[in-house]
>>> print(open('run23.txt').read())   # compact mmCIF, C-alpha atoms
# COMPACT_ATOMS: atom_id res chain seq x y z
CA MET R 168 67.65 13.38 -64.64
CA PRO R 169 67.27 9.87 -63.08
CA LEU R 170 64.46 11.12 -60.80
CA LEU R 171 62.76 12.87 -63.71
CA LEU R 172 63.00 9.73 -65.83
CA ALA R 173 61.41 7.68 -63.05
CA ALA R 174 58.65 10.28 -62.61
CA PHE R 175 57.89 10.26 -66.34
CA LEU R 176 57.79 6.46 -66.44
CA ILE R 177 55.39 6.30 -63.48
CA THR R 178 53.21 9.07 -64.94
CA ALA R 179 52.96 7.29 -68.30
CA LEU R 180 52.18 4.00 -66.54
CA LEU R 181 49.38 5.55 -64.48
CA TYR R 182 47.81 7.54 -67.30
CA ALA R 183 48.03 4.73 -69.86
CA SER R 184 46.35 2.37 -67.41
CA VAL R 185 43.27 4.62 -67.40
CA GLY R 186 43.42 5.51 -71.09
CA PHE R 187 45.10 8.94 -71.17
CA GLY R 188 48.43 10.46 -72.22
CA GLY R 189 49.64 12.47 -69.21
CA GLY R 190 50.69 15.66 -71.02
CA SER R 191 49.75 18.13 -68.29
CA THR R 192 51.70 16.19 -65.66
CA TYR R 193 54.77 15.91 -67.91
CA SER R 194 54.69 19.69 -68.35
CA ALA R 195 54.37 20.25 -64.61
CA LEU R 196 57.23 17.88 -63.79
CA LEU R 197 59.43 19.70 -66.29
CA ALA R 198 58.41 23.08 -64.87
CA LEU R 199 59.21 21.98 -61.32
CA SER R 200 62.59 20.75 -62.61
CA GLY R 201 63.43 24.22 -63.92
CA VAL R 202 63.20 23.45 -67.64
CA ASP R 203 62.54 26.46 -69.91
CA TYR R 204 58.74 26.83 -70.02
CA ARG R 205 58.88 27.53 -73.77
CA VAL R 206 60.25 24.03 -74.39
CA LEU R 207 57.84 22.17 -72.08
CA PRO R 208 54.86 21.82 -74.44
CA ILE R 209 57.01 20.33 -77.21
CA ILE R 210 58.40 17.62 -74.93
CA SER R 211 55.02 16.96 -73.29
CA LEU R 212 53.13 16.68 -76.57
CA CYS R 213 55.77 14.30 -77.97
CA CYS R 214 55.42 12.16 -74.83
CA ASN R 215 51.64 12.22 -75.28
CA LEU R 216 52.02 10.93 -78.83
CA VAL R 217 54.25 8.06 -77.71
CA VAL R 218 51.81 6.98 -74.96
CA VAL R 219 48.50 7.21 -76.87
CA LEU R 220 49.57 6.06 -80.33
CA GLY R 221 49.63 2.38 -79.39
CA GLY R 222 46.30 2.63 -77.59
CA THR R 223 44.64 4.35 -80.54
CA ILE R 224 45.89 1.66 -82.91
CA ARG R 225 44.60 -1.07 -80.59
CA PHE R 226 41.19 0.62 -80.35
CA ALA R 227 41.01 0.97 -84.14
CA ARG R 228 41.92 -2.67 -84.72
CA ALA R 229 39.29 -3.73 -82.19
CA GLY R 230 36.68 -1.71 -84.07
CA VAL R 231 35.51 0.24 -81.02
CA ILE R 232 36.17 3.81 -82.25
CA PRO R 233 32.84 5.44 -83.21
CA TRP R 234 34.48 7.09 -86.20
CA ARG R 235 31.88 9.63 -87.30
CA PRO R 236 31.14 11.32 -83.93
CA ALA R 237 34.77 10.94 -82.81
CA ALA R 238 35.95 12.54 -86.05
CA ILE R 239 33.58 15.48 -85.54
CA LEU R 240 34.94 16.18 -82.05
CA THR R 241 38.53 15.79 -83.21
CA ALA R 242 38.10 17.90 -86.37
CA ILE R 243 36.70 20.78 -84.30
CA ALA R 244 39.49 20.56 -81.71
CA ALA R 245 42.51 20.10 -84.01
CA PRO R 246 42.63 23.59 -85.59
CA ALA R 247 42.15 25.12 -82.13
CA ALA R 248 45.07 23.03 -80.83
CA PHE R 249 47.21 24.37 -83.67
CA LEU R 250 46.23 27.95 -82.79
CA GLY R 251 46.96 27.25 -79.12
CA GLY R 252 50.42 26.06 -80.05
CA LEU R 253 51.02 29.24 -82.04
CA THR R 254 49.82 31.57 -79.26
CA PRO R 255 52.60 33.42 -77.40
CA VAL R 256 52.18 33.23 -73.62
CA GLY R 257 54.22 34.66 -70.76
CA GLU R 258 55.80 32.43 -68.14
CA SER R 259 53.52 33.46 -65.25
CA ALA R 260 50.35 32.99 -67.32
CA PHE R 261 51.64 29.66 -68.62
CA MET R 262 52.36 28.35 -65.11
CA LEU R 263 48.97 29.53 -63.83
CA LEU R 264 47.13 27.83 -66.71
CA LEU R 265 49.15 24.65 -66.30
CA GLY R 266 48.68 24.47 -62.53
CA ALA R 267 44.94 25.14 -62.83
CA SER R 268 44.59 22.49 -65.54
CA LEU R 269 46.31 19.95 -63.29
CA VAL R 270 44.00 20.65 -60.35
CA LEU R 271 41.02 20.37 -62.71
CA THR R 272 42.47 17.16 -64.14
CA ALA R 273 42.64 15.65 -60.66
CA SER R 274 39.00 16.62 -60.09
CA THR R 275 37.82 15.02 -63.33
CA MET R 276 39.54 11.76 -62.41
CA LEU R 277 37.39 11.51 -59.28
CA LEU R 278 34.15 11.73 -61.27
CA PRO R 279 32.26 8.42 -61.61
CA VAL R 280 32.67 6.39 -64.78
CA MET R 281 29.47 4.81 -66.05
CA GLY R 282 29.10 1.08 -66.43
CA ASP R 283 28.68 -0.84 -69.68
CA ASP R 284 24.91 -1.00 -69.17
CA GLU R 285 24.52 2.79 -68.90
CA VAL R 286 24.49 3.62 -72.58
CA GLN R 287 21.26 5.62 -72.94
CA SER R 288 22.34 9.03 -74.16
CA HIS R 289 21.50 12.16 -72.19
CA PRO R 290 20.01 15.06 -74.23
CA LEU R 291 23.11 17.16 -73.41
CA ALA R 292 25.32 14.68 -75.29
CA ARG R 293 24.51 16.48 -78.54
CA PHE R 294 26.31 19.57 -77.21
CA ALA R 295 29.62 17.75 -76.62
CA PRO R 296 31.20 19.28 -79.76
CA LEU R 297 30.91 22.72 -78.12
CA ALA R 298 33.64 21.69 -75.66
CA ALA R 299 36.01 20.45 -78.35
CA ALA R 300 37.45 23.79 -79.48
CA PRO R 301 38.32 25.16 -76.00
CA LEU R 302 39.89 21.83 -75.04
CA GLY R 303 41.87 21.78 -78.26
CA TYR R 304 43.14 25.32 -77.69
CA LEU R 305 44.22 24.48 -74.13
CA ALA R 306 45.92 21.34 -75.47
CA GLY R 307 48.12 23.28 -77.85
CA LEU R 308 48.81 26.12 -75.42
CA VAL R 309 50.13 24.17 -72.42
CA GLY R 310 51.02 20.78 -73.90
CA ILE R 311 48.15 18.46 -73.02
CA GLY R 312 45.88 16.29 -75.14
CA GLY R 313 42.55 17.39 -73.71
CA GLY R 314 41.10 13.89 -73.59
CA ILE R 315 41.20 13.77 -69.80
CA PHE R 316 38.67 16.62 -69.75
CA LEU R 317 36.63 15.33 -72.68
CA ALA R 318 36.15 11.79 -71.34
CA PRO R 319 34.38 12.79 -68.06
CA LEU R 320 32.06 15.06 -70.04
CA LEU R 321 31.17 12.21 -72.38
CA HIS R 322 30.62 9.87 -69.43
CA LEU R 323 28.37 12.36 -67.62
CA THR R 324 26.20 12.82 -70.72
CA ARG R 325 26.27 9.07 -71.53
CA TRP R 326 27.55 9.94 -74.98
CA ASN R 327 28.40 6.31 -75.74
CA ASN R 328 29.58 3.16 -73.96
CA PRO R 329 32.80 3.30 -71.87
CA ARG R 330 35.02 1.55 -74.43
CA ALA R 331 33.87 3.90 -77.20
CA ILE R 332 34.52 6.91 -74.96
CA ALA R 333 38.01 5.67 -74.08
CA ALA R 334 38.74 5.10 -77.77
CA THR R 335 37.43 8.57 -78.67
CA ALA R 336 39.53 10.21 -75.95
CA SER R 337 42.63 8.39 -77.19
CA LEU R 338 42.06 9.58 -80.77
CA PHE R 339 41.29 13.10 -79.49
CA ILE R 340 44.56 13.22 -77.54
CA LEU R 341 46.58 11.86 -80.47
CA VAL R 342 45.32 14.37 -83.03
CA ASN R 343 45.36 17.36 -80.66
CA SER R 344 48.93 16.53 -79.67
CA LEU R 345 49.99 16.41 -83.32
CA PHE R 346 48.37 19.74 -84.17
CA GLY R 347 49.46 21.42 -80.95
CA LEU R 348 53.02 20.22 -81.55
CA ALA R 349 52.96 21.64 -85.09
CA GLY R 350 51.91 25.03 -83.73
CA GLN R 351 54.56 24.96 -81.01
CA VAL R 352 57.30 24.08 -83.48
CA LEU R 353 56.27 26.84 -85.89
CA LYS R 354 56.18 29.33 -83.01
CA GLY R 355 59.55 28.35 -81.57
CA GLY R 356 61.52 27.49 -84.68
CA GLU R 357 64.14 24.81 -85.26
CA GLY R 358 66.30 25.93 -82.33
CA ARG R 359 63.61 25.28 -79.76
CA LEU R 360 62.73 21.94 -81.39
CA ALA R 361 66.40 20.90 -81.24
CA ALA R 362 66.64 21.89 -77.57
CA ALA R 363 63.49 19.91 -76.78
CA PHE R 364 64.80 16.86 -78.64
CA ASP R 365 68.21 16.95 -76.94
CA PHE R 366 66.69 17.12 -73.47
CA GLY R 367 63.58 15.05 -74.10
CA LEU R 368 64.82 11.94 -75.91
CA PRO R 369 65.52 9.91 -72.72
CA LEU R 370 62.09 11.00 -71.42
CA LEU R 371 60.43 9.66 -74.56
CA VAL R 372 62.04 6.28 -73.93
CA ALA R 373 60.80 6.36 -70.31
CA VAL R 374 57.19 7.10 -71.29
CA ALA R 375 57.30 4.43 -73.99
CA VAL R 376 58.19 1.84 -71.35
CA GLY R 377 55.71 3.21 -68.83
CA GLY R 378 52.95 3.37 -71.44
CA GLN R 379 53.42 -0.28 -72.36
CA ILE R 380 53.23 -1.33 -68.71
CA GLY R 381 50.14 0.83 -68.21
CA SER R 382 48.46 -0.72 -71.24
CA TRP R 383 49.17 -4.17 -69.81
CA ILE R 384 47.56 -3.12 -66.53
CA ALA R 385 44.49 -1.86 -68.37
CA VAL R 386 44.18 -5.07 -70.41
CA HIS R 387 44.45 -7.28 -67.33
CA LYS R 388 41.71 -5.28 -65.58
CA LEU R 389 43.45 -4.41 -62.34
CA PRO R 390 41.30 -2.22 -60.04
CA GLN R 391 40.69 0.92 -62.11
CA LYS R 392 39.07 2.87 -59.26
CA TRP R 393 42.18 2.71 -57.10
CA ILE R 394 44.45 3.53 -60.03
CA ARG R 395 42.33 6.57 -60.90
CA TRP R 396 42.26 7.80 -57.29
CA GLY R 397 46.01 7.33 -56.89
CA THR R 398 46.66 9.16 -60.15
CA ALA R 399 44.31 11.98 -59.11
CA ALA R 400 46.18 12.41 -55.82
CA LEU R 401 49.52 12.59 -57.64
CA VAL R 402 48.21 15.08 -60.21
CA PHE R 403 46.61 17.30 -57.56
CA TRP R 404 49.83 17.40 -55.55
CA VAL R 405 51.91 18.35 -58.60
CA GLY R 406 49.37 21.01 -59.62
CA PHE R 407 49.27 22.47 -56.10
CA ARG R 408 53.08 22.58 -56.00
CA LEU R 409 53.11 24.41 -59.31
CA LEU R 410 50.51 26.99 -58.23
CA THR R 411 52.27 27.68 -54.94
CA ALA R 412 55.87 27.63 -56.23
>>> encode(input="run23.txt", output="structure tokens")
Amino acid sequence: MPLLLAAFLITALLYASVGFGGGSTYSALLALSGVDYRVLPIISLCCNLVVVLGGTIRFARAGVIPWRPAAILTAIAAPAAFLGGLTPVGESAFMLLLGASLVLTASTMLLPVMGDDEVQSHPLARFAPLAAAPLGYLAGLVGIGGGIFLAPLLHLTRWNNPRAIAATASLFILVNSLFGLAGQVLKGGEGRLAAAFDFGLPLLVAVAVGGQIGSWIAVHKLPQKWIRWGTAALVFWVGFRLLTA
């Protein structure tokens, strides 16, 4: 448990510093630790909520969330996240989906992030809502927020300025995690929720600490490129380990 606590703290720190929750990596770390795969999404989605809640509140207070378009994306994704949480999945399929999502996550973190002056929307930006439902479903199914896939898409299509995209991704992760968690709890019942709580409570404390440190790093504008590349390397390694285990 001490090593797992340290890994969760570092993961939350890294993800929070670049504006994400870290759900897929939490799930992978739990899987590699031998935790029952049926409990993983509940713990991971709870950790996601702890990490992104503070960021979402800060974005809202700063007035940088583009509420109407962000609400459209989130409203499309949320029911799909709930359905994903309800969907039964076998252990081998779950591990394959989780490992593949981690490798894809690492790839998205290497994509360039546009600068503040690159705000002219690309025509494809109008089709961003089409990606919301699949990302929401994946979020509920394997215990991620989906924002780490949404944000690169929004950057590539110049959907809005970088701060608005980060704020939208944070809101997207928060709501998807809530709806995915509801589906997982309904699917597993009170017994599985109790098991997740008993095992996961110390991990929630670890990600709360790591998330606060990561937010401080983001606010003080330490080199984001190096943080993103380091996080991508960590995520790719964990995903590769999971796929080859």
>>> closest_residue(input="run23.txt", among="R:Val219, R:Leu320, R:Ile315, R:Ala242", to="Val374 in chain R", atoms="all atoms listed in the file")
R:Val219
>>> closest_residue(input="run23.txt", among="R:Leu341, R:Ala375, R:Val352, R:Ala336", to="Val231 in chain R", atoms="only C-alpha atoms")
R:Ala336
>>> atom_distance(input="run23.txt", atom1="CA of Leu216 in chain R", atom2="CA of Ala400 in chain R")
23.8 Å
>>> atom_distance(input="run23.txt", atom1="CA of Leu271 in chain R", atom2="CA of Ala399 in chain R")
9.7 Å
>>> residues_around(input="run23.txt", residues="Phe407 in chain R", least_positions_apart="5", cutoff="9 Å", atoms="all atoms listed in the file", output="MDAnalysis selection string")
chainID R and resid 266:267 269:270 402 412
>>> residues_near_point(input="run23.txt", point="(53.9, 23.1, -66.1)", cutoff="6 Å", atoms="all atoms listed in the file", output="PyMOL selection string")
chain R and resi 194-195+198+262+265
>>> write_last_selection(input="run23.txt", atoms="C-alpha atoms", output="PDB file, in the coordinates of the input")
ATOM      1  CA  SER R 194      54.690  19.690 -68.350  1.00  0.00           C
ATOM      2  CA  ALA R 195      54.370  20.250 -64.610  1.00  0.00           C
ATOM      3  CA  ALA R 198      58.410  23.080 -64.870  1.00  0.00           C
ATOM      4  CA  MET R 262      52.360  28.350 -65.110  1.00  0.00           C
ATOM      5  CA  LEU R 265      49.150  24.650 -66.300  1.00  0.00           C
TER       6      LEU R 265
END
>>> residues_around(input="run23.txt", residues="Pro369 in chain R", least_positions_apart="3", cutoff="10 Å", atoms="all atoms listed in the file", output="PyMOL selection string")
chain R and resi 168-169+171-172+175+364-366+372-375
>>> atom_distance(input="run23.txt", atom1="CA of Ala331 in chain R", atom2="CA of Ala300 in chain R")
20.3 Å
>>> closest_residue(input="run23.txt", among="R:Leu371, R:Ala248, R:Ala334, R:Val405", to="Trp234 in chain R", atoms="only C-alpha atoms")
R:Ala334
>>> decode(input="run23.txt", residues="range 259-273 of chain R", atoms="N, CA, C and O atoms", output="JSON list (two decimals), in the first residue's frame")
[["chain", "number", "residue", "atom", "x", "y", "z"],
["R", 259, "SER", "N", -10.80, -9.78, -19.23],
["R", 259, "SER", "CA", -9.84, -9.65, -20.33],
["R", 259, "SER", "C", -10.18, -8.46, -21.22],
["R", 259, "SER", "O", -9.29, -7.70, -21.63],
["R", 260, "ALA", "N", -11.47, -8.27, -21.51],
["R", 260, "ALA", "CA", -11.89, -7.13, -22.33],
["R", 260, "ALA", "C", -11.62, -5.82, -21.60],
["R", 260, "ALA", "O", -11.19, -4.83, -22.20],
["R", 261, "PHE", "N", -11.89, -5.81, -20.29],
["R", 261, "PHE", "CA", -11.66, -4.61, -19.49],
["R", 261, "PHE", "C", -10.18, -4.22, -19.52],
["R", 261, "PHE", "O", -9.83, -3.05, -19.74],
["R", 262, "MET", "N", -9.29, -5.20, -19.32],
["R", 262, "MET", "CA", -7.86, -4.91, -19.29],
["R", 262, "MET", "C", -7.36, -4.44, -20.66],
["R", 262, "MET", "O", -6.51, -3.55, -20.75],
["R", 263, "LEU", "N", -7.90, -5.04, -21.73],
["R", 263, "LEU", "CA", -7.50, -4.63, -23.08],
["R", 263, "LEU", "C", -7.93, -3.19, -23.35],
["R", 263, "LEU", "O", -7.15, -2.38, -23.85],
["R", 264, "LEU", "N", -9.17, -2.86, -23.00],
["R", 264, "LEU", "CA", -9.67, -1.50, -23.20],
["R", 264, "LEU", "C", -8.87, -0.49, -22.37],
["R", 264, "LEU", "O", -8.54, 0.60, -22.85],
["R", 265, "LEU", "N", -8.59, -0.86, -21.14],
["R", 265, "LEU", "CA", -7.86, 0.03, -20.25],
["R", 265, "LEU", "C", -6.43, 0.25, -20.75],
["R", 265, "LEU", "O", -5.95, 1.39, -20.81],
["R", 266, "GLY", "N", -5.74, -0.83, -21.12],
["R", 266, "GLY", "CA", -4.38, -0.70, -21.63],
["R", 266, "GLY", "C", -4.32, 0.13, -22.90],
["R", 266, "GLY", "O", -3.46, 1.00, -23.06],
["R", 267, "ALA", "N", -5.27, -0.13, -23.81],
["R", 267, "ALA", "CA", -5.31, 0.63, -25.07],
["R", 267, "ALA", "C", -5.60, 2.10, -24.81],
["R", 267, "ALA", "O", -5.01, 2.99, -25.46],
["R", 268, "SER", "N", -6.48, 2.39, -23.86],
["R", 268, "SER", "CA", -6.80, 3.78, -23.56],
["R", 268, "SER", "C", -5.60, 4.50, -22.97],
["R", 268, "SER", "O", -5.38, 5.70, -23.22],
["R", 269, "LEU", "N", -4.77, 3.79, -22.20],
["R", 269, "LEU", "CA", -3.57, 4.40, -21.64],
["R", 269, "LEU", "C", -2.56, 4.74, -22.72],
["R", 269, "LEU", "O", -1.96, 5.82, -22.71],
["R", 270, "VAL", "N", -2.34, 3.81, -23.65],
["R", 270, "VAL", "CA", -1.40, 4.07, -24.74],
["R", 270, "VAL", "C", -1.90, 5.25, -25.58],
["R", 270, "VAL", "O", -1.11, 6.12, -25.97],
["R", 271, "LEU", "N", -3.20, 5.29, -25.83],
["R", 271, "LEU", "CA", -3.77, 6.42, -26.58],
["R", 271, "LEU", "C", -3.64, 7.71, -25.79],
["R", 271, "LEU", "O", -3.36, 8.78, -26.35],
["R", 272, "THR", "N", -3.84, 7.62, -24.47],
["R", 272, "THR", "CA", -3.67, 8.79, -23.61],
["R", 272, "THR", "C", -2.27, 9.37, -23.74],
["R", 272, "THR", "O", -2.08, 10.58, -23.87],
["R", 273, "ALA", "N", -1.27, 8.48, -23.68],
["R", 273, "ALA", "CA", 0.12, 8.93, -23.80],
["R", 273, "ALA", "C", 0.33, 9.63, -25.14],
["R", 273, "ALA", "O", 1.03, 10.65, -25.21]]
